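S.K.: Got a structure for you, data.txt, holding compact mmCIF, C-alpha atoms.
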```txt
# COMPACT_ATOMS: atom_id res chain seq x y z
CA MET A 1 15.80 -7.90 -16.36
CA ASP A 2 19.41 -8.83 -15.43
CA ASP A 3 19.86 -5.40 -13.85
CA GLU A 4 16.83 -5.79 -11.58
CA ALA A 5 17.21 -6.46 -7.88
CA ARG A 6 16.31 -9.99 -6.75
CA ILE A 7 14.38 -9.67 -3.50
CA ALA A 8 13.83 -12.16 -0.67
CA LEU A 9 10.90 -11.32 1.62
CA PHE A 10 10.88 -12.61 5.22
CA LEU A 11 7.84 -11.97 7.45
CA ASP A 12 7.92 -12.20 11.26
CA TYR A 13 4.19 -12.73 11.03
CA GLU A 14 3.16 -12.72 14.69
CA ASN A 15 4.91 -9.39 15.24
CA LEU A 16 3.24 -7.83 12.19
CA ALA A 17 -0.26 -9.21 12.75
CA ILE A 18 -0.40 -8.24 16.42
CA GLY A 19 1.18 -4.84 15.71
CA ALA A 20 -1.40 -4.03 13.03
CA ARG A 21 -4.33 -5.21 15.14
CA GLU A 22 -3.30 -3.37 18.30
CA ASN A 23 -1.98 -0.14 16.79
CA LEU A 24 -4.05 0.42 13.64
CA GLY A 25 -7.54 0.22 15.07
CA GLY A 26 -8.08 -3.51 14.61
CA VAL A 27 -6.87 -3.65 11.01
CA SER A 28 -6.07 -7.15 9.76
CA PHE A 29 -2.57 -7.47 8.36
CA ASP A 30 -2.40 -7.66 4.55
CA VAL A 31 0.81 -8.54 2.70
CA ARG A 32 -0.29 -7.05 -0.63
CA PRO A 33 0.67 -3.41 0.14
CA ILE A 34 4.17 -4.66 0.98
CA ALA A 35 4.32 -6.67 -2.24
CA ASP A 36 3.21 -3.61 -4.23
CA ALA A 37 5.89 -1.42 -2.64
CA LEU A 38 8.56 -4.01 -3.38
CA ALA A 39 7.39 -4.42 -6.99
CA GLU A 40 8.70 -0.90 -7.58
CA ARG A 41 12.12 -1.97 -6.32
CA GLY A 42 12.74 -5.30 -8.05
CA ARG A 43 11.62 -8.93 -8.48
CA VAL A 44 10.39 -10.67 -5.33
CA VAL A 45 11.58 -14.25 -5.88
CA VAL A 46 11.30 -15.58 -2.29
CA ARG A 47 8.36 -14.98 0.07
CA ARG A 48 8.35 -16.66 3.48
CA ALA A 49 6.31 -16.07 6.63
CA TYR A 50 7.09 -17.58 10.05
CA ALA A 51 4.53 -18.28 12.81
CA ASP A 52 2.53 -20.91 14.65
CA TRP A 53 -0.21 -20.95 12.01
CA SER A 54 -2.78 -22.58 14.27
CA ASN A 55 -3.29 -19.06 15.64
CA PHE A 56 -3.69 -17.42 12.21
CA ASP A 57 -6.07 -19.63 10.27
CA GLU A 58 -7.75 -16.86 8.23
CA ASP A 59 -4.41 -15.20 7.54
CA ARG A 60 -3.07 -18.40 6.00
CA ARG A 61 -5.57 -18.13 3.16
CA MET A 62 -4.62 -14.51 2.42
CA LEU A 63 -0.91 -15.33 2.42
CA THR A 64 -1.36 -18.42 0.25
CA ARG A 65 -3.23 -16.34 -2.34
CA SER A 66 -0.24 -13.97 -2.34
CA HIS A 67 2.16 -16.90 -2.96
CA VAL A 68 3.85 -16.68 0.45
CA GLU A 69 5.50 -19.88 1.73
CA LEU A 70 4.28 -20.58 5.27
CA ILE A 71 6.98 -21.82 7.64
CA GLU A 72 5.28 -23.67 10.51
CA MET A 73 6.66 -23.16 14.02
CA PRO A 74 4.37 -25.28 16.26
CA GLN A 75 4.13 -24.76 20.01
CA ARG A 76 6.37 -27.17 21.93
CA MET A 77 6.46 -27.79 25.66
CA GLY A 78 8.96 -25.48 27.35
CA VAL A 79 9.88 -23.66 24.14
CA SER A 80 8.79 -20.17 23.14
CA ARG A 81 7.33 -20.43 19.64
CA LYS A 82 8.15 -16.72 19.10
CA ASN A 83 11.85 -17.28 19.82
CA ALA A 84 11.85 -20.43 17.69
CA ALA A 85 10.31 -18.53 14.75
CA ASP A 86 12.85 -15.72 15.13
CA ILE A 87 15.78 -18.15 15.14
CA LYS A 88 14.46 -20.11 12.15
CA MET A 89 13.89 -16.91 10.16
CA ALA A 90 17.40 -15.60 10.89
CA VAL A 91 19.05 -18.92 10.00
CA ASP A 92 17.07 -19.19 6.73
CA ALA A 93 17.99 -15.63 5.73
CA ILE A 94 21.71 -16.18 6.31
CA GLU A 95 21.61 -19.55 4.51
CA LEU A 96 19.87 -17.95 1.51
CA ALA A 97 22.47 -15.17 1.40
CA PHE A 98 25.23 -17.78 0.96
CA VAL A 99 23.40 -20.30 -1.24
CA ARG A 100 21.75 -17.80 -3.60
CA GLU A 101 24.48 -15.28 -4.35
CA TYR A 102 22.30 -13.51 -6.94
CA MET A 103 19.86 -12.48 -4.18
CA SER A 104 20.70 -8.79 -3.83
CA THR A 105 18.02 -7.48 -1.46
CA PHE A 106 16.57 -8.91 1.75
CA VAL A 107 13.33 -7.52 3.17
CA VAL A 108 12.96 -8.17 6.91
CA CYS A 109 9.37 -7.48 7.99
CA THR A 110 9.29 -7.04 11.75
CA GLY A 111 9.51 -4.39 14.44
CA ASP A 112 11.57 -6.58 16.77
CA SER A 113 15.03 -5.23 17.63
CA ASP A 114 16.25 -8.83 18.06
CA PHE A 115 16.64 -8.88 14.26
CA THR A 116 19.11 -5.99 14.26
CA PRO A 117 22.17 -8.33 14.31
CA LEU A 118 20.69 -10.19 11.32
CA VAL A 119 20.41 -6.90 9.42
CA TYR A 120 24.04 -6.02 10.22
CA LYS A 121 25.24 -9.46 9.09
CA LEU A 122 23.31 -9.30 5.79
CA ARG A 123 24.76 -5.87 5.03
CA GLU A 124 28.21 -7.22 5.92
CA LEU A 125 27.59 -9.86 3.23
CA ASN A 126 27.02 -7.05 0.71
CA LYS A 127 23.23 -7.41 0.70
CA SER A 128 20.83 -4.48 0.67
CA VAL A 129 18.32 -4.69 3.53
CA ILE A 130 14.85 -3.14 3.60
CA GLY A 131 12.91 -3.24 6.85
CA VAL A 132 9.13 -3.10 7.18
CA GLY A 133 7.25 -2.66 10.45
CA VAL A 134 4.23 -1.14 12.14
CA ARG A 135 5.29 2.29 13.38
CA ALA A 136 4.04 2.03 16.98
CA SER A 137 5.45 -1.47 17.53
CA THR A 138 8.83 -1.00 15.82
CA SER A 139 11.92 -0.70 18.00
CA ALA A 140 13.89 2.51 17.54
CA LEU A 141 17.02 0.38 17.03
CA LEU A 142 15.86 -1.39 13.89
CA PRO A 143 15.21 1.34 11.23
CA PRO A 144 18.69 2.95 11.40
CA ALA A 145 20.29 -0.47 10.86
CA CYS A 146 18.55 -0.97 7.49
CA ASP A 147 19.38 0.51 4.09
CA GLU A 148 15.73 1.51 3.84
CA PHE A 149 12.80 1.17 6.25
CA LEU A 150 9.14 1.28 5.27
CA TYR A 151 6.47 1.84 7.87
CA TYR A 152 3.53 -0.44 7.15
CA ASP A 153 1.12 2.32 8.27
CA ASP A 154 2.31 4.57 5.42
CA LEU A 155 2.07 2.08 2.56
CA GLU A 156 -0.51 2.63 -0.17
CA GLY A 157 -3.81 0.94 0.68
CA ILE A 158 -3.36 0.96 4.48
CA GLU A 159 -5.93 3.00 6.36
CA PRO A 160 -6.35 2.60 10.14
CA GLY A 161 -9.82 1.35 10.99
CA ARG A 162 -11.95 1.07 14.05
CA LEU A 163 -12.78 -2.08 15.90
CA PRO A 164 -16.25 -3.27 14.85
CA ARG A 165 -18.94 -2.79 17.45
CA SER A 166 -21.75 -5.33 17.19
CA SER A 167 -23.83 -6.86 19.94
CA SER A 168 -24.67 -10.04 18.06
CA GLY A 169 -21.62 -10.31 15.80
CA ARG A 170 -23.93 -10.92 12.86
CA GLN A 171 -24.88 -8.72 10.00
CA GLY A 172 -28.48 -8.78 8.91
CA ARG A 173 -29.35 -9.07 5.26
CA PRO A 174 -30.31 -5.65 3.90
CA ALA A 175 -34.00 -5.30 3.06
CA ALA A 176 -33.05 -4.07 -0.41
CA ALA A 177 -31.27 -7.34 -1.11
CA ALA A 178 -34.28 -9.36 0.00
CA ASN A 179 -36.57 -7.42 -2.32
CA ARG A 180 -34.17 -7.16 -5.23
CA ARG A 181 -35.86 -6.95 -8.62
CA GLU A 182 -34.60 -7.94 -12.02
CA PRO A 183 -33.14 -4.95 -13.95
CA PRO A 184 -35.19 -3.65 -16.89
CA LEU A 185 -34.32 -4.79 -20.39
CA GLY A 186 -31.19 -3.03 -21.67
CA ALA A 187 -29.99 -1.98 -18.22
CA GLU A 188 -27.19 -4.58 -18.35
CA ASP A 189 -25.37 -2.54 -21.02
CA ASP A 190 -25.53 0.61 -18.88
CA VAL A 191 -24.18 -1.28 -15.89
CA ALA A 192 -21.35 -2.75 -18.00
CA ASP A 193 -20.39 0.72 -19.34
CA ALA A 194 -20.40 2.16 -15.81
CA GLN A 195 -18.23 -0.72 -14.57
CA THR A 196 -15.75 -0.23 -17.42
CA SER A 197 -15.52 3.48 -16.56
CA ARG A 198 -14.85 2.68 -12.89
CA ASP A 199 -12.23 0.08 -13.89
CA LEU A 200 -10.45 2.66 -16.07
CA ASP A 201 -10.49 5.14 -13.19
CA ASP A 202 -8.94 2.52 -10.90
CA LEU A 203 -6.33 1.72 -13.55
CA ALA A 204 -5.49 5.42 -13.94
CA VAL A 205 -4.87 5.66 -10.19
CA LEU A 206 -2.71 2.51 -10.25
CA VAL A 207 -0.62 3.85 -13.16
CA ALA A 208 -0.16 7.28 -11.55
CA GLN A 209 0.90 5.80 -8.21
CA THR A 210 3.28 3.36 -9.88
CA ILE A 211 4.95 6.18 -11.83
CA SER A 212 5.28 8.20 -8.62
CA GLY A 213 6.91 5.27 -6.81
CA LEU A 214 9.30 4.54 -9.68
CA GLN A 215 10.31 8.20 -9.93
CA ARG A 216 11.22 8.18 -6.24
CA THR A 217 13.28 4.99 -6.47
CA SER A 218 14.57 4.79 -10.06
CA GLY A 219 14.34 8.22 -11.69
CA GLN A 220 13.32 8.06 -15.34
CA VAL A 221 10.28 5.90 -16.07
CA THR A 222 9.86 4.36 -19.52
CA ALA A 223 6.77 2.61 -20.85
CA SER A 224 8.46 -0.80 -20.68
CA THR A 225 9.54 -0.26 -17.07
CA LEU A 226 6.05 0.93 -16.15
CA LYS A 227 4.31 -2.09 -17.65
CA ARG A 228 6.77 -4.49 -16.01
CA THR A 229 6.08 -2.90 -12.61
CA VAL A 230 2.30 -2.90 -13.09
CA LEU A 231 2.54 -6.61 -13.94
CA ARG A 232 4.43 -7.20 -10.70
CA LYS A 233 1.61 -5.56 -8.77
CA ASP A 234 -1.07 -7.41 -10.72
CA PRO A 235 0.23 -10.40 -12.71
CA THR A 236 -3.21 -10.73 -14.37
CA PHE A 237 -3.02 -7.25 -15.91
CA ASN A 238 -3.76 -7.09 -19.63
CA GLU A 239 -4.52 -3.85 -21.46
CA ALA A 240 -6.87 -5.80 -23.75
CA ASP A 241 -9.23 -6.21 -20.78
CA TYR A 242 -9.74 -2.43 -20.92
CA GLY A 243 -10.31 -2.34 -24.69
CA PHE A 244 -6.77 -1.43 -25.83
CA ARG A 245 -4.72 -3.34 -28.39
CA ALA A 246 -1.33 -2.39 -26.90
CA PHE A 247 0.11 -0.82 -23.77
CA GLY A 248 1.19 2.22 -25.80
CA GLU A 249 -2.41 2.79 -26.87
CA LEU A 250 -3.49 2.68 -23.23
CA LEU A 251 -0.81 5.25 -22.33
CA ARG A 252 -1.96 7.57 -25.15
CA HIS A 253 -5.51 7.31 -23.81
CA LEU A 254 -4.32 8.21 -20.29
CA ALA A 255 -2.34 11.11 -21.76
CA GLN A 256 -5.54 12.44 -23.37
CA ARG A 257 -7.17 12.28 -19.94
CA HIS A 258 -4.17 14.20 -18.47
CA VAL A 259 -3.29 11.27 -16.19
CA VAL A 260 0.22 11.02 -17.70
CA ASP A 261 2.50 12.93 -20.07
CA LEU A 262 4.55 11.18 -22.77
CA ALA A 263 8.00 12.28 -23.96
CA ASP A 264 10.78 10.83 -26.10
CA GLY A 265 12.51 7.98 -24.30
CA PRO A 266 16.04 6.58 -24.50
CA THR A 267 15.03 4.19 -27.30
CA LYS A 268 12.56 4.45 -30.15
CA GLY A 269 9.16 3.00 -29.31
CA ASP A 270 9.76 3.18 -25.55
CA PRO A 271 8.63 6.68 -24.48
CA GLU A 272 9.29 8.27 -21.13
CA VAL A 273 6.15 8.43 -18.97
CA LEU A 274 5.73 11.42 -16.64
CA LEU A 275 3.15 12.67 -14.20
CA PRO A 276 1.59 15.96 -15.37
CA ALA A 277 1.46 19.01 -13.15
CA LEU A 278 -1.81 18.91 -11.21
CA ASP A 279 -3.31 22.37 -11.61
CA GLY A 280 -6.00 21.85 -8.99
CA GLN A 281 -3.83 20.46 -6.23
CA GLU A 282 -2.92 23.75 -4.55
CA GLU A 283 -6.54 24.87 -4.67
CA ALA A 284 -7.68 21.55 -3.17
CA PHE A 285 -5.15 21.80 -0.32
CA GLU A 286 -6.30 25.37 0.36
CA LEU A 287 -9.92 24.15 0.44
CA LEU A 288 -8.94 21.44 2.92
CA ARG A 289 -7.13 23.94 5.13
CA SER A 290 -10.09 26.35 5.22
CA VAL A 291 -12.55 23.58 6.10
CA VAL A 292 -10.24 22.32 8.87
CA GLU A 293 -9.96 25.83 10.32
CA ASP A 294 -13.76 26.24 10.24
CA LEU A 295 -14.26 22.93 12.04
CA ILE A 296 -11.71 23.86 14.69
CA ASP A 297 -13.48 27.20 15.24
CA LYS A 298 -16.87 25.47 15.60
CA ASN A 299 -15.99 22.21 17.38
CA GLY A 300 -12.52 22.75 18.78
CA ARG A 301 -11.09 19.93 16.66
CA ALA A 302 -11.13 18.50 13.13
CA ALA A 303 -11.13 14.71 12.79
CA LEU A 304 -10.54 12.77 9.59
CA SER A 305 -13.82 10.87 9.95
CA GLY A 306 -16.55 12.85 8.22
CA LEU A 307 -14.14 15.49 6.91
CA LYS A 308 -14.67 14.58 3.26
CA ASP A 309 -18.43 15.13 3.69
CA GLN A 310 -17.71 18.57 5.17
CA ILE A 311 -15.58 19.46 2.15
CA ARG A 312 -18.34 18.35 -0.21
CA ARG A 313 -20.76 20.69 1.52
CA VAL A 314 -18.51 23.51 0.40
CA ARG A 315 -17.49 21.93 -2.93
CA PRO A 316 -20.05 19.26 -3.97
CA GLY A 317 -17.95 17.92 -6.84
CA PHE A 318 -14.81 17.32 -4.77
CA SER A 319 -12.98 14.00 -5.33
CA GLU A 320 -9.40 13.23 -4.40
CA LYS A 321 -9.24 10.68 -7.23
CA THR A 322 -9.35 13.44 -9.86
CA LEU A 323 -6.06 14.66 -8.37
CA GLY A 324 -4.44 11.21 -8.62
CA PHE A 325 -4.93 10.07 -5.02
CA ARG A 326 -6.28 6.63 -4.24
CA SER A 327 -7.84 7.58 -0.89
CA PHE A 328 -8.83 10.64 1.10
CA LEU A 329 -6.21 9.77 3.72
CA GLN A 330 -3.50 9.81 1.05
CA PHE A 331 -4.75 13.23 -0.07
CA CYS A 332 -4.52 14.54 3.52
CA ARG A 333 -1.03 13.09 3.91
CA ALA A 334 0.06 14.89 0.75
CA ALA A 335 -1.40 18.13 2.13
CA ASP A 336 0.55 17.53 5.33
CA THR A 337 3.83 17.26 3.42
CA THR A 338 3.20 20.65 1.79
CA GLY A 339 2.44 22.30 5.13
CA ALA A 340 -1.18 23.12 4.23
CA ILE A 341 -2.36 21.21 7.31
CA HIS A 342 -0.87 19.02 10.03
CA LEU A 343 -2.06 15.40 10.33
CA GLU A 344 -1.44 13.07 13.26
CA TRP A 345 -3.02 10.03 14.89
CA ASP A 346 -4.84 10.64 18.19
CA ASN A 347 -5.14 7.54 20.37
CA ASP A 348 -7.79 9.15 22.59
CA ALA A 349 -9.96 10.05 19.61
CA ASP A 350 -9.17 6.73 17.84
CA ASP A 351 -8.86 8.79 14.66
CA TYR A 352 -6.58 11.09 12.71
CA VAL A 353 -6.78 14.73 13.82
CA LEU A 354 -5.99 17.67 11.54
CA THR A 355 -4.76 21.08 12.64
CA SER A 356 -3.87 24.26 10.80
CA PRO A 357 -0.17 25.19 10.89
CA GLY A 358 -1.15 28.83 11.18
```
For this file, produce the structure as structure tokens.
M.R.:
Amino acid sequence: MDDEARIALFLDYENLAIGARENLGGVSFDVRPIADALAERGRVVVRRAYADWSNFDEDRRMLTRSHVELIEMPQRMGVSRKNAADIKMAVDAIELAFVREYMSTFVVCTGDSDFTPLVYKLRELNKSVIGVGVRASTSALLPPACDEFLYYDDLEGIEPGRLPRSSSGRQGRPAAAANRREPPLGAEDDVADAQTSRDLDDLAVLVAQTISGLQRTSGQVTASTLKRTVLRKDPTFNEADYGFRAFGELLRHLAQRHVVDLADGPTKGDPEVLLPALDGQEEAFELLRSVVEDLIDKNGRAALSGLKDQIRRVRPGFSEKTLGFRSFLQFCRAADTTGAIHLEWDNDADDYVLTSPG
């Protein structure tokens, strides 16, 4: 644990919340994807967010549940609350750098170029700086100043949405809920088994994504490192909740399901955990490319919305989760990195659009 980075997280909340809402189709800002990404890089020991919280009442609850300290910057006559929050955040970061010498990494979450001098000063004090911002609202000056910059749009669990369209603003109670009947005797066991299966599937995805992130940032991944990182993402995690007596038993189960591969580690009893080669990935990317080309031939364009249904018409059993992807968007992004298709956001269409590189 002594070798782990100690991380201080600072959130310019107004910049992030407005950037997400205006540039990601009305998506509400969520700090958890940032916390998950940082869990793969070290221990987050300080979490602070700066704003006039009278404007973000619902967000306060989300941040409090994620153990973020809320720094109140109330509106004062003749004073810009945004400038006041920026100054307070910069002063607190510099003070922490001097007072807590063990703090090795500072995460500055904003797209505002006004924080560029703060980044330079922290690096001058021998601190590593990670920036986080919404792509469309991040100044071009800020990312090059940081040691690493993460675009919020690209973090796991972030999918651009669409602004809800509702004339009344209310959602009616479904008729099925009003006429709900008690399940037949014995059905509870079937429901519990199905839920356990779904929970294991979700856990398999979490483990696979955590290994992938650790391999990118740390190299070799051992069982002890993997469990420590999973616990950072979900402090309530316990393998016993899934029916396993030890974390090693859980890993052996996932190895039997071809979610992971196990190899001899640096110490006895702490095996190396690897991601297996996904045999069906190339075939799945080729399927995606062919469906995209067919849609372009028929409609002139291929949008992300409804694309998964089109693939299932060709391949009814298709699921990106069997390939280790949490969402269909993540699957398409992976296909984009291989060159199978090209994926980009279209503001006019309010959706992602896919094209064939050929």
S.K.: Would you mind listing, for every residue of region 59-157 of chain A within 10 Å of region 26-34 of chain A, the two atoms forming the shortest contact and the distance between them in Å to one decimal, using all atoms listed in the file, sorted by chain and ascending residue number, as a Markdown table?
M.R.:
```
| residue | atom | partner | partner_atom | distance |
| --- | --- | --- | --- | --- |
| A:Asp59 | CA | A:Phe29 | CA | 8.0 |
| A:Met62 | CA | A:Asp30 | CA | 7.5 |
| A:Leu63 | CA | A:Val31 | CA | 7.0 |
| A:Arg65 | CA | A:Arg32 | CA | 9.9 |
| A:Ser66 | CA | A:Arg32 | CA | 7.1 |
| A:Val68 | CA | A:Val31 | CA | 9.0 |
| A:Val107 | CA | A:Ile34 | CA | 9.8 |
| A:Cys109 | CA | A:Ile34 | CA | 9.2 |
| A:Val132 | CA | A:Ile34 | CA | 8.1 |
| A:Leu150 | CA | A:Ile34 | CA | 8.9 |
| A:Tyr151 | CA | A:Ile34 | CA | 9.7 |
| A:Tyr152 | CA | A:Ile34 | CA | 7.5 |
| A:Asp153 | CA | A:Pro33 | CA | 10.0 |
| A:Asp154 | CA | A:Pro33 | CA | 9.7 |
| A:Leu155 | CA | A:Pro33 | CA | 6.2 |
| A:Glu156 | CA | A:Pro33 | CA | 6.2 |
| A:Gly157 | CA | A:Pro33 | CA | 6.3 |
```
S.K.: Could you check which of A:Arg41, A:Arg48, A:Lys308, A:Arg135 is closest to Leu329 (chain A), using only C-alpha atoms?
M.R.: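 Once distances to Leu329 (chain A) are computed over only C-alpha atoms, the minimum belongs to A:Lys308.
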S.K.: With distances taken over only C-alpha atoms, which of A:Glu293, A:Glu272, A:Asp12, A:Asp309 is nearest to Thr355 (chain A)?
M.R.: A:Glu293
S.K.: Could you jot down the CA of Glu159 (chain A) to CA of Gly19 (chain A) separation for me, Å, one decimal place?
M.R.: 14.1 Å
S.K.: What lies within 7 Å of Met73 (chain A) using all atoms listed in the file, ignoring chain neighbours under 5 positions off, as a VMD selection string?
M.R.: chain A and resid 50 to 52 81 84 to 85
S.K.: Nearest to Glu282 (chain A) among A:Ile311, A:Ala240, A:Ile7, A:Ala334, with distances taken over only C-alpha atoms: which residue is it?
M.R.: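 Of A:Ile311, A:Ala240, A:Ile7, A:Ala334, the one nearest Glu282 (chain A) is A:Ala334, counting only C-alpha atoms.
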S.K.: What does the distance from CA of Asn126 (chain A) to CA of Ala37 (chain A) come to in Å, to one decimal?
M.R.: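 Computing it gives 22.1 Å between the two atoms.
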S.K.: For Asn55 (chain A), which residue out of A:Gly42, A:Pro74, A:Gly265, A:Pro271 is the nearest one, using only C-alpha atoms?
M.R.: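 Under the stated criterion, the closest residue is A:Pro74.
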S.K.: Dump as a list in words all residues having an atom at most 10 Å from (2.3, 10.5, -15.7), computed in the file's coordinates with all atoms listed in the file.
M.R.: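 Using all atoms listed in the file, the matching residues come out as Ala204, Val207, Ala208, Gln209, Thr210, Ile211, Ser212, Val221, Leu251, Leu254, Ala255, His258, Val259, Val260, Asp261, Leu262, Glu272, Val273, Leu274, Leu275, Pro276, Ala277 and Gly324 of chain A.
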S.K.: Rank A:Leu354, A:Val129, A:Leu16, A:Leu122 by their smallest atom-to-atom distance to Ala340 (chain A), using all atoms listed in the file, and report the top residue only.
M.R.: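 Using all atoms listed in the file, Ala340 (chain A) sits closest to A:Leu354.
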S.K.: Please determine, counting only C-alpha atoms, which residue among A:Pro144, A:Gly219, A:Pro316, A:Pro357 has the shortest atom-to-atom distance to Asp336 (chain A).
M.R.: A:Pro357
S.K.: Leaving out region 341-343 of chain A and any residue of its chain fewer than 5 positions from it, which residues lie within 12 Å of it when counting all atoms listed in the file, given as number ranges by chain?
M.R.: A: 284-293, 301-304, 329-336, 351-358
S.K.: What gap, in Å, lies between CA of Leu231 (chain A) and CA of Glu40 (chain A)?
M.R.: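 It comes out at 10.5 Å.
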S.K.: Edge lengths and centre in Å to one decimal, as lines of an AutoDock Vina configuration file, is what I'm after for the box along x, y and z that holds all listed atoms of region 344-357 of chain A once 4 Å is added on each side.
M.R.:
```
center_x = -5.1
center_y = 16.0
center_z = 16.7
size_x = 17.8
size_y = 26.5
size_z = 19.8
```
S.K.: Counting only C-alpha atoms, I want the residues whose atoms come within 12 Å of (4.9, -2.4, 18.3) in the file frame, returned as a list in words.
M.R.: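 Selection result: Glu14, Asn15, Leu16, Ala17, Ile18, Gly19, Ala20, Arg21, Glu22, Asn23, Leu24, Thr110, Gly111, Asp112, Ser113, Val132, Gly133, Val134, Arg135, Ala136, Ser137, Thr138, Ser139, Ala140, Leu142, Tyr151, Tyr152 and Asp153 of chain A.
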S.K.: Would you save the residues of that selection, restricted to C-alpha atoms, as a PDB file, in the coordinates of the input?
M.R.:
```pdb
ATOM      1  CA  GLU A  14       3.160 -12.720  14.690  1.00  0.00           C
ATOM      2  CA  ASN A  15       4.910  -9.390  15.240  1.00  0.00           C
ATOM      3  CA  LEU A  16       3.240  -7.830  12.190  1.00  0.00           C
ATOM      4  CA  ALA A  17      -0.260  -9.210  12.750  1.00  0.00           C
ATOM      5  CA  ILE A  18      -0.400  -8.240  16.420  1.00  0.00           C
ATOM      6  CA  GLY A  19       1.180  -4.840  15.710  1.00  0.00           C
ATOM      7  CA  ALA A  20      -1.400  -4.030  13.030  1.00  0.00           C
ATOM      8  CA  ARG A  21      -4.330  -5.210  15.140  1.00  0.00           C
ATOM      9  CA  GLU A  22      -3.300  -3.370  18.300  1.00  0.00           C
ATOM     10  CA  ASN A  23      -1.980  -0.140  16.790  1.00  0.00           C
ATOM     11  CA  LEU A  24      -4.050   0.420  13.640  1.00  0.00           C
ATOM     12  CA  THR A 110       9.290  -7.040  11.750  1.00  0.00           C
ATOM     13  CA  GLY A 111       9.510  -4.390  14.440  1.00  0.00           C
ATOM     14  CA  ASP A 112      11.570  -6.580  16.770  1.00  0.00           C
ATOM     15  CA  SER A 113      15.030  -5.230  17.630  1.00  0.00           C
ATOM     16  CA  VAL A 132       9.130  -3.100   7.180  1.00  0.00           C
ATOM     17  CA  GLY A 133       7.250  -2.660  10.450  1.00  0.00           C
ATOM     18  CA  VAL A 134       4.230  -1.140  12.140  1.00  0.00           C
ATOM     19  CA  ARG A 135       5.290   2.290  13.380  1.00  0.00           C
ATOM     20  CA  ALA A 136       4.040   2.030  16.980  1.00  0.00           C
ATOM     21  CA  SER A 137       5.450  -1.470  17.530  1.00  0.00           C
ATOM     22  CA  THR A 138       8.830  -1.000  15.820  1.00  0.00           C
ATOM     23  CA  SER A 139      11.920  -0.700  18.000  1.00  0.00           C
ATOM     24  CA  ALA A 140      13.890   2.510  17.540  1.00  0.00           C
ATOM     25  CA  LEU A 142      15.860  -1.390  13.890  1.00  0.00           C
ATOM     26  CA  TYR A 151       6.470   1.840   7.870  1.00  0.00           C
ATOM     27  CA  TYR A 152       3.530  -0.440   7.150  1.00  0.00           C
ATOM     28  CA  ASP A 153       1.120   2.320   8.270  1.00  0.00           C
TER      29      ASP A 153
END
```
S.K.: For Lys127 (chain A), list every protein, DNA or RNA residue within 12 Å, evaluated using only C-alpha atoms, and leave out those in the same chain fewer than 3 positions away; present the list as a PyMOL selection string.
M.R.: chain A and resi 5-8+93-94+96-98+100-107+118-124+130+146-147
S.K.: Save N, CA and C atoms of region 117-128 of chain A from the block above as a tab-separated table (two decimals), in the first residue's frame.
M.R.:
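The new file out.tsv reads:
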```tsv
chain	number	residue	atom	x	y	z
A	117	PRO	N	-2.44	27.54	-15.06
A	117	PRO	CA	-1.32	27.91	-14.16
A	117	PRO	C	-1.27	27.05	-12.91
A	118	LEU	N	-2.43	26.64	-12.38
A	118	LEU	CA	-2.45	25.76	-11.22
A	118	LEU	C	-1.78	24.43	-11.56
A	119	VAL	N	-2.10	23.89	-12.73
A	119	VAL	CA	-1.50	22.62	-13.16
A	119	VAL	C	0.02	22.75	-13.25
A	120	TYR	N	0.49	23.84	-13.86
A	120	TYR	CA	1.94	24.06	-13.98
A	120	TYR	C	2.60	24.14	-12.60
A	121	LYS	N	1.96	24.85	-11.67
A	121	LYS	CA	2.54	25.03	-10.33
A	121	LYS	C	2.59	23.69	-9.58
A	122	LEU	N	1.54	22.88	-9.69
A	122	LEU	CA	1.53	21.57	-9.02
A	122	LEU	C	2.63	20.66	-9.58
A	123	ARG	N	2.82	20.69	-10.88
A	123	ARG	CA	3.88	19.88	-11.48
A	123	ARG	C	5.25	20.41	-11.07
A	124	GLU	N	5.36	21.73	-10.91
A	124	GLU	CA	6.61	22.32	-10.44
A	124	GLU	C	6.93	21.85	-9.02
A	125	LEU	N	5.88	21.54	-8.25
A	125	LEU	CA	6.05	21.04	-6.88
A	125	LEU	C	6.20	19.52	-6.85
A	126	ASN	N	6.50	18.94	-8.00
A	126	ASN	CA	6.75	17.50	-8.13
A	126	ASN	C	5.51	16.66	-7.87
A	127	LYS	N	4.34	17.19	-8.25
A	127	LYS	CA	3.10	16.44	-8.16
A	127	LYS	C	2.66	16.02	-9.55
A	128	SER	N	2.12	14.81	-9.63
A	128	SER	CA	1.53	14.35	-10.89
A	128	SER	C	0.12	14.92	-10.99
```
